[in-house]
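Undergrad: The structure's right below; bear with me while I get my questions together.
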2 protein chains.
Amino acid sequence: MTKKVFQRNTKQREVILSVLREADCHPTADWIYQEVRKTMPNVSLGTIYRNLKALTEAGLALELSYGSTYSRFDGNPETHYHFVCEDCGKVVDLEIDVAKELEEKVAKGIGAKVHDHRLEFYGVCSECLQKESKVN
Amino acid sequence: MTKKVFQRNTKQREVILSVLREADCHPTADWIYQEVRKTMPNVSLGTIYRNLKALTEAGLALELSYGSTYSRFDGNPETHYHFVCEDCGKVVDLEIDVAKELEEKVAKGIGAKVHDHRLEFYGVCSECLQKESKVN
DNA sequence: AAGCAATTAATAACTATTTACATTTTAGAT
DNA sequence: ATCTAAAATGTAAATAGTTATTAATTGCTT
């Protein structure tokens, strides 16, 4: 609702954000935890979760939820679209033009204030398609 | 991956599906549980979850995940779009044309097989906007 | 009607996430 | 530099949604 503002800068948050930004996947909280531990061995998982939540609320990261398992996080807060492979679970960024104008259309349609949208495609990625064809 | 097939028809699943279809909201598992209990007092929550999962896998329902809390379910498996209110959490169906052709574009772009997509808008609904303006 | 396997109710277990609390750290004032 | 108050961390335990287990039940086929 109201945007999160950080009152202090911490080494932990700095590392978490850089790990998130440099990740070429869309990592889970636990993956980030393992990564951060490499340089900060006694960081706690609670700190990871606290900061991922705070970073999301601050608009510096996105939380992606697919199904009822864990969340994935995205260090690119700009609106962009994803493809999700239903076989291996991989999440890929797509290079499609973002249709910001749709938000205004929806806003007018239902009298709401719209400030973001997400578009996600589901299917089977090229790697998994290959594997399948080899098996059969 | 492979589509779920039901081997038996059960009263429980029948009631769950009809509750889901007649719901004017996008209910949580627990909401459905409470509803089903009105006519089947000793249905178990496990049965609700098991059937919601099975119905989703069978293509008769959708699982909607927002953030790291509970899932919501949708008894309309046809591709359609949603608006999510970030204040009250309400999920509303939108009457926007579905852009199925985008799926082919993505499929070509990354060499994947794409069989569905989801488009969700985030913001503040008209009711919450009104409440806010009264408070301030 | 009988038999078998799928499904259920009940309950325990699991796992991702959150939180309480004592301690440490940060940033600004002195 | 030092001090101070608030913020953030680490540790550990709690929470909550979901899934697994097991014995009992119930659809469905013959």
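Residue numbering restarts at 1 in every chain; chains get A, B, ... in the order shown in the structure tokens, and ligands count up from 1 in that same order.
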Specify as a PyMOL selection string all residues of chain D found within 12 Å of chain A, counting only C-alpha atoms (C1' of nucleotides).

TA: chain D and resi 6-12+17-19

Undergrad: At a cut-off of 9 Å, list the chain C residues touching chain B, using only C-alpha atoms (C1' of nucleotides), as a compact mmCIF listing (two decimals) with all heavy atoms, in the first residue's frame.

TA:
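Wrote it out as result_8.txt, contents follow:
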# COMPACT_ATOMS: atom_id res chain seq x y z
P DA C 6 -6.91 -48.00 -8.89
OP1 DA C 6 -6.34 -47.89 -10.24
OP2 DA C 6 -6.03 -48.17 -7.72
O5' DA C 6 -7.84 -46.72 -8.64
C5' DA C 6 -9.01 -46.57 -9.42
C4' DA C 6 -9.96 -45.63 -8.71
O4' DA C 6 -10.46 -46.24 -7.50
C3' DA C 6 -9.35 -44.31 -8.28
O3' DA C 6 -10.32 -43.30 -8.51
C2' DA C 6 -9.06 -44.49 -6.80
C1' DA C 6 -10.18 -45.42 -6.37
N9 DA C 6 -9.85 -46.33 -5.26
C8 DA C 6 -8.73 -47.10 -5.13
N7 DA C 6 -8.72 -47.83 -4.04
C5 DA C 6 -9.91 -47.51 -3.41
C6 DA C 6 -10.49 -47.95 -2.20
N6 DA C 6 -9.93 -48.84 -1.39
N1 DA C 6 -11.70 -47.44 -1.87
C2 DA C 6 -12.28 -46.55 -2.69
N3 DA C 6 -11.82 -46.06 -3.86
C4 DA C 6 -10.62 -46.59 -4.16
P DT C 7 -9.97 -41.78 -8.25
OP1 DT C 7 -10.75 -41.01 -9.24
OP2 DT C 7 -8.51 -41.63 -8.16
O5' DT C 7 -10.59 -41.54 -6.81
C5' DT C 7 -12.00 -41.68 -6.62
C4' DT C 7 -12.34 -41.48 -5.16
O4' DT C 7 -11.83 -42.58 -4.39
C3' DT C 7 -11.75 -40.22 -4.54
O3' DT C 7 -12.81 -39.40 -4.07
C2' DT C 7 -10.86 -40.72 -3.40
C1' DT C 7 -11.46 -42.09 -3.12
N1 DT C 7 -10.54 -43.08 -2.52
C2 DT C 7 -10.90 -43.70 -1.33
O2 DT C 7 -11.95 -43.48 -0.76
N3 DT C 7 -9.98 -44.61 -0.85
C4 DT C 7 -8.78 -44.95 -1.42
O4 DT C 7 -8.05 -45.78 -0.89
C5 DT C 7 -8.45 -44.27 -2.65
C7 DT C 7 -7.16 -44.57 -3.34
C6 DT C 7 -9.34 -43.38 -3.13
P DT C 8 -12.51 -38.07 -3.25
OP1 DT C 8 -13.55 -37.12 -3.69
OP2 DT C 8 -11.09 -37.72 -3.34
O5' DT C 8 -12.82 -38.51 -1.75
C5' DT C 8 -14.08 -39.09 -1.43
C4' DT C 8 -14.08 -39.52 0.02
O4' DT C 8 -13.12 -40.58 0.18
C3' DT C 8 -13.69 -38.40 0.98
O3' DT C 8 -14.75 -38.14 1.89
C2' DT C 8 -12.44 -38.92 1.70
C1' DT C 8 -12.43 -40.40 1.40
N1 DT C 8 -11.07 -40.97 1.19
C2 DT C 8 -10.61 -41.92 2.06
O2 DT C 8 -11.25 -42.32 3.01
N3 DT C 8 -9.35 -42.39 1.78
C4 DT C 8 -8.53 -42.01 0.73
O4 DT C 8 -7.42 -42.51 0.59
C5 DT C 8 -9.08 -41.00 -0.14
C7 DT C 8 -8.27 -40.51 -1.30
C6 DT C 8 -10.31 -40.53 0.12
P DA C 9 -14.65 -36.92 2.87
OP1 DA C 9 -16.03 -36.43 3.11
OP2 DA C 9 -13.60 -36.01 2.41
O5' DA C 9 -14.13 -37.63 4.20
C5' DA C 9 -14.94 -38.59 4.87
C4' DA C 9 -14.32 -38.96 6.20
O4' DA C 9 -13.05 -39.63 5.95
C3' DA C 9 -14.00 -37.79 7.12
O3' DA C 9 -14.27 -38.20 8.45
C2' DA C 9 -12.53 -37.50 6.87
C1' DA C 9 -11.98 -38.88 6.52
N9 DA C 9 -10.91 -38.91 5.52
C8 DA C 9 -10.79 -38.13 4.40
N7 DA C 9 -9.75 -38.41 3.66
C5 DA C 9 -9.13 -39.45 4.32
C6 DA C 9 -7.97 -40.20 4.05
N6 DA C 9 -7.19 -40.01 2.98
N1 DA C 9 -7.62 -41.17 4.93
C2 DA C 9 -8.40 -41.37 6.00
N3 DA C 9 -9.53 -40.74 6.36
C4 DA C 9 -9.83 -39.78 5.47
P DA C 10 -14.09 -37.23 9.67
OP1 DA C 10 -15.07 -37.61 10.70
OP2 DA C 10 -14.06 -35.84 9.15
O5' DA C 10 -12.64 -37.61 10.21
C5' DA C 10 -12.34 -38.97 10.50
C4' DA C 10 -10.89 -39.05 10.96
O4' DA C 10 -10.02 -39.11 9.81
C3' DA C 10 -10.43 -37.86 11.80
O3' DA C 10 -9.82 -38.35 12.98
C2' DA C 10 -9.45 -37.12 10.91
C1' DA C 10 -8.93 -38.24 10.01
N9 DA C 10 -8.47 -37.80 8.71
C8 DA C 10 -8.97 -36.78 7.95
N7 DA C 10 -8.35 -36.62 6.80
C5 DA C 10 -7.38 -37.59 6.80
C6 DA C 10 -6.39 -37.96 5.86
N6 DA C 10 -6.22 -37.34 4.70
N1 DA C 10 -5.58 -39.00 6.18
C2 DA C 10 -5.76 -39.63 7.36
N3 DA C 10 -6.66 -39.37 8.31
C4 DA C 10 -7.44 -38.34 7.97
P DA C 16 10.56 -25.97 1.01
OP1 DA C 16 10.87 -26.61 -0.28
OP2 DA C 16 11.57 -25.90 2.07
O5' DA C 16 10.04 -24.49 0.71
C5' DA C 16 8.80 -24.34 0.04
C4' DA C 16 8.04 -23.18 0.64
O4' DA C 16 7.65 -23.48 1.99
C3' DA C 16 8.82 -21.87 0.71
O3' DA C 16 8.01 -20.85 0.17
C2' DA C 16 9.11 -21.68 2.20
C1' DA C 16 7.94 -22.39 2.85
N9 DA C 16 8.22 -22.96 4.17
C8 DA C 16 9.24 -23.77 4.54
N7 DA C 16 9.23 -24.13 5.80
C5 DA C 16 8.09 -23.52 6.29
C6 DA C 16 7.51 -23.51 7.58
N6 DA C 16 8.01 -24.17 8.63
N1 DA C 16 6.37 -22.80 7.74
C2 DA C 16 5.86 -22.14 6.68
N3 DA C 16 6.32 -22.08 5.44
C4 DA C 16 7.45 -22.80 5.30
P DT C 17 8.58 -19.35 0.03
OP1 DT C 17 7.80 -18.70 -1.03
OP2 DT C 17 10.05 -19.41 -0.06
O5' DT C 17 8.17 -18.70 1.41
C5' DT C 17 6.79 -18.64 1.74
C4' DT C 17 6.61 -18.14 3.15
O4' DT C 17 7.16 -19.09 4.09
C3' DT C 17 7.27 -16.79 3.46
O3' DT C 17 6.23 -15.84 3.65
C2' DT C 17 8.09 -17.07 4.73
C1' DT C 17 7.48 -18.36 5.26
N1 DT C 17 8.36 -19.23 6.07
C2 DT C 17 8.00 -19.47 7.38
O2 DT C 17 7.01 -18.99 7.90
N3 DT C 17 8.85 -20.29 8.07
C4 DT C 17 10.00 -20.90 7.59
O4 DT C 17 10.67 -21.62 8.31
C5 DT C 17 10.32 -20.60 6.22
C7 DT C 17 11.54 -21.21 5.59
C6 DT C 17 9.50 -19.80 5.53

Undergrad: Apply DSSP to the structure's backbone, then extract all residues of range 14-116 of chain A labelled strand (DSSP E or B) and return them as a list in words.

TA: Thr28, Leu62, Glu63, Leu64, Ser65, Ser71, Arg72, Phe73, Asp74, Tyr81, His82, Phe83, Val84, Cys85, Val91, Val92, Asp93, Leu94, Lys113, Val114, His115 and Asp116 of chain A

Undergrad: Give me the least-squares superposed chain A (reference chain B; all C-alpha atoms paired in order) as a short mmCIF file (atom, residue, chain, number, x, y, z; two decimals) with C-alpha atoms, in the first residue's frame.

TA:
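Writing done, so here's out.cif:
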data_model
loop_
_atom_site.label_atom_id
_atom_site.label_comp_id
_atom_site.auth_asym_id
_atom_site.auth_seq_id
_atom_site.Cartn_x
_atom_site.Cartn_y
_atom_site.Cartn_z
CA MET A 1 2.19 -32.50 -17.67
CA THR A 2 -0.15 -35.35 -18.60
CA LYS A 3 -3.76 -34.43 -18.14
CA LYS A 4 -5.50 -35.74 -15.05
CA VAL A 5 -8.31 -38.18 -15.73
CA PHE A 6 -10.89 -39.07 -13.08
CA GLN A 7 -11.58 -42.75 -12.60
CA ARG A 8 -14.52 -42.39 -10.28
CA ASN A 9 -17.14 -39.75 -9.74
CA THR A 10 -17.64 -38.75 -6.16
CA LYS A 11 -20.27 -36.68 -4.44
CA GLN A 12 -17.53 -34.61 -2.84
CA ARG A 13 -15.91 -33.59 -6.09
CA GLU A 14 -19.30 -32.81 -7.59
CA VAL A 15 -20.14 -30.46 -4.72
CA ILE A 16 -16.70 -28.86 -4.74
CA LEU A 17 -16.93 -28.11 -8.44
CA SER A 18 -20.43 -26.68 -8.18
CA VAL A 19 -19.45 -24.51 -5.23
CA LEU A 20 -16.47 -23.29 -7.21
CA ARG A 21 -18.55 -22.57 -10.29
CA GLU A 22 -21.28 -20.78 -8.44
CA ALA A 23 -18.93 -18.66 -6.36
CA ASP A 24 -19.03 -15.05 -7.40
CA CYS A 25 -15.59 -14.50 -5.89
CA HIS A 26 -12.36 -16.34 -6.57
CA PRO A 27 -12.36 -18.40 -3.42
CA THR A 28 -9.61 -19.86 -1.31
CA ALA A 29 -9.46 -23.55 -0.44
CA ASP A 30 -10.69 -22.78 3.04
CA TRP A 31 -13.65 -20.75 1.81
CA ILE A 32 -14.67 -23.67 -0.39
CA TYR A 33 -14.22 -26.00 2.58
CA GLN A 34 -16.62 -23.94 4.69
CA GLU A 35 -19.13 -23.81 1.84
CA VAL A 36 -19.01 -27.55 1.11
CA ARG A 37 -19.40 -28.33 4.81
CA LYS A 38 -22.79 -26.69 4.75
CA THR A 39 -24.14 -29.61 2.75
CA MET A 40 -21.48 -32.21 3.66
CA PRO A 41 -20.57 -31.63 7.28
CA ASN A 42 -17.83 -34.24 7.49
CA VAL A 43 -15.98 -33.49 4.32
CA SER A 44 -12.30 -33.13 5.07
CA LEU A 45 -10.00 -30.30 4.13
CA GLY A 46 -7.64 -32.82 2.57
CA THR A 47 -10.36 -33.81 0.13
CA ILE A 48 -10.85 -30.18 -0.80
CA TYR A 49 -7.17 -29.75 -1.55
CA ARG A 50 -6.89 -33.08 -3.34
CA ASN A 51 -9.83 -32.27 -5.58
CA LEU A 52 -8.89 -28.67 -6.26
CA LYS A 53 -5.52 -29.92 -7.41
CA ALA A 54 -7.07 -32.66 -9.49
CA LEU A 55 -9.64 -30.32 -11.02
CA THR A 56 -6.86 -27.92 -11.91
CA GLU A 57 -4.84 -30.69 -13.51
CA ALA A 58 -7.93 -31.85 -15.38
CA GLY A 59 -8.34 -28.37 -16.82
CA LEU A 60 -11.63 -27.70 -15.05
CA ALA A 61 -10.31 -25.00 -12.74
CA LEU A 62 -7.48 -22.50 -12.43
CA GLU A 63 -5.20 -21.94 -9.48
CA LEU A 64 -4.36 -18.26 -8.98
CA SER A 65 -1.34 -17.39 -6.87
CA TYR A 66 -0.66 -13.90 -5.69
CA GLY A 67 2.18 -13.40 -3.26
CA SER A 68 3.18 -15.95 -0.70
CA THR A 69 -0.10 -16.52 1.05
CA TYR A 70 -2.90 -18.82 -0.02
CA SER A 71 -4.04 -19.68 -3.51
CA ARG A 72 -7.34 -18.69 -4.99
CA PHE A 73 -9.28 -20.87 -7.37
CA ASP A 74 -11.33 -20.08 -10.44
CA GLY A 75 -14.04 -22.35 -11.77
CA ASN A 76 -13.80 -20.85 -15.23
CA PRO A 77 -10.92 -22.58 -17.01
CA GLU A 78 -11.22 -20.49 -20.15
CA THR A 79 -8.43 -18.00 -20.62
CA HIS A 80 -9.54 -14.67 -19.22
CA TYR A 81 -7.96 -11.77 -17.40
CA HIS A 82 -8.07 -10.52 -13.83
CA PHE A 83 -7.80 -7.37 -11.83
CA VAL A 84 -6.40 -7.74 -8.31
CA CYS A 85 -7.01 -5.08 -5.68
CA GLU A 86 -3.89 -4.62 -3.58
CA ASP A 87 -5.91 -3.17 -0.72
CA CYS A 88 -8.73 -5.66 -0.15
CA GLY A 89 -7.31 -8.58 -2.13
CA LYS A 90 -10.41 -8.93 -4.28
CA VAL A 91 -10.00 -10.57 -7.68
CA VAL A 92 -12.28 -9.50 -10.51
CA ASP A 93 -12.79 -10.95 -13.98
CA LEU A 94 -12.16 -8.51 -16.79
CA GLU A 95 -14.02 -8.24 -20.06
CA ILE A 96 -11.08 -7.78 -22.36
CA ASP A 97 -10.51 -9.61 -25.60
CA VAL A 98 -8.15 -12.51 -25.10
CA ALA A 99 -5.02 -12.27 -27.21
CA LYS A 100 -4.47 -15.92 -28.07
CA GLU A 101 -2.33 -14.92 -31.05
CA LEU A 102 0.36 -13.72 -28.67
CA GLU A 103 1.02 -17.32 -27.69
CA GLU A 104 2.14 -18.17 -31.18
CA LYS A 105 4.39 -15.15 -31.25
CA VAL A 106 6.09 -16.23 -28.03
CA ALA A 107 6.30 -19.84 -29.20
CA LYS A 108 8.14 -18.78 -32.34
CA GLY A 109 10.33 -16.36 -30.44
CA ILE A 110 11.81 -18.89 -28.03
CA GLY A 111 11.09 -22.21 -29.74
CA ALA A 112 8.73 -23.37 -27.03
CA LYS A 113 5.29 -24.89 -27.07
CA VAL A 114 2.89 -22.39 -25.50
CA HIS A 115 -0.58 -23.45 -24.50
CA ASP A 116 -1.83 -20.76 -22.19
CA HIS A 117 -1.20 -17.30 -20.88
CA ARG A 118 -2.38 -15.12 -18.05
CA LEU A 119 -2.76 -11.42 -17.81
CA GLU A 120 -3.35 -9.80 -14.45
CA PHE A 121 -3.72 -6.14 -13.55
CA TYR A 122 -2.85 -4.75 -10.13
CA GLY A 123 -4.14 -1.65 -8.43
CA VAL A 124 -6.83 -0.32 -6.14
CA CYS A 125 -10.48 -1.09 -6.82
CA SER A 126 -13.20 1.56 -6.92
CA GLU A 127 -14.56 0.60 -3.48
CA CYS A 128 -11.17 0.95 -1.81
CA LEU A 129 -10.54 4.23 -3.64
CA GLN A 130 -13.77 5.56 -2.14
CA LYS A 131 -12.86 4.42 1.36
CA GLU A 132 -9.46 6.05 1.05
CA SER A 133 -10.91 9.36 -0.02
CA LYS A 134 -13.28 9.36 2.94
CA VAL A 135 -10.50 8.69 5.43
CA ASN A 136 -8.23 11.44 4.16
#
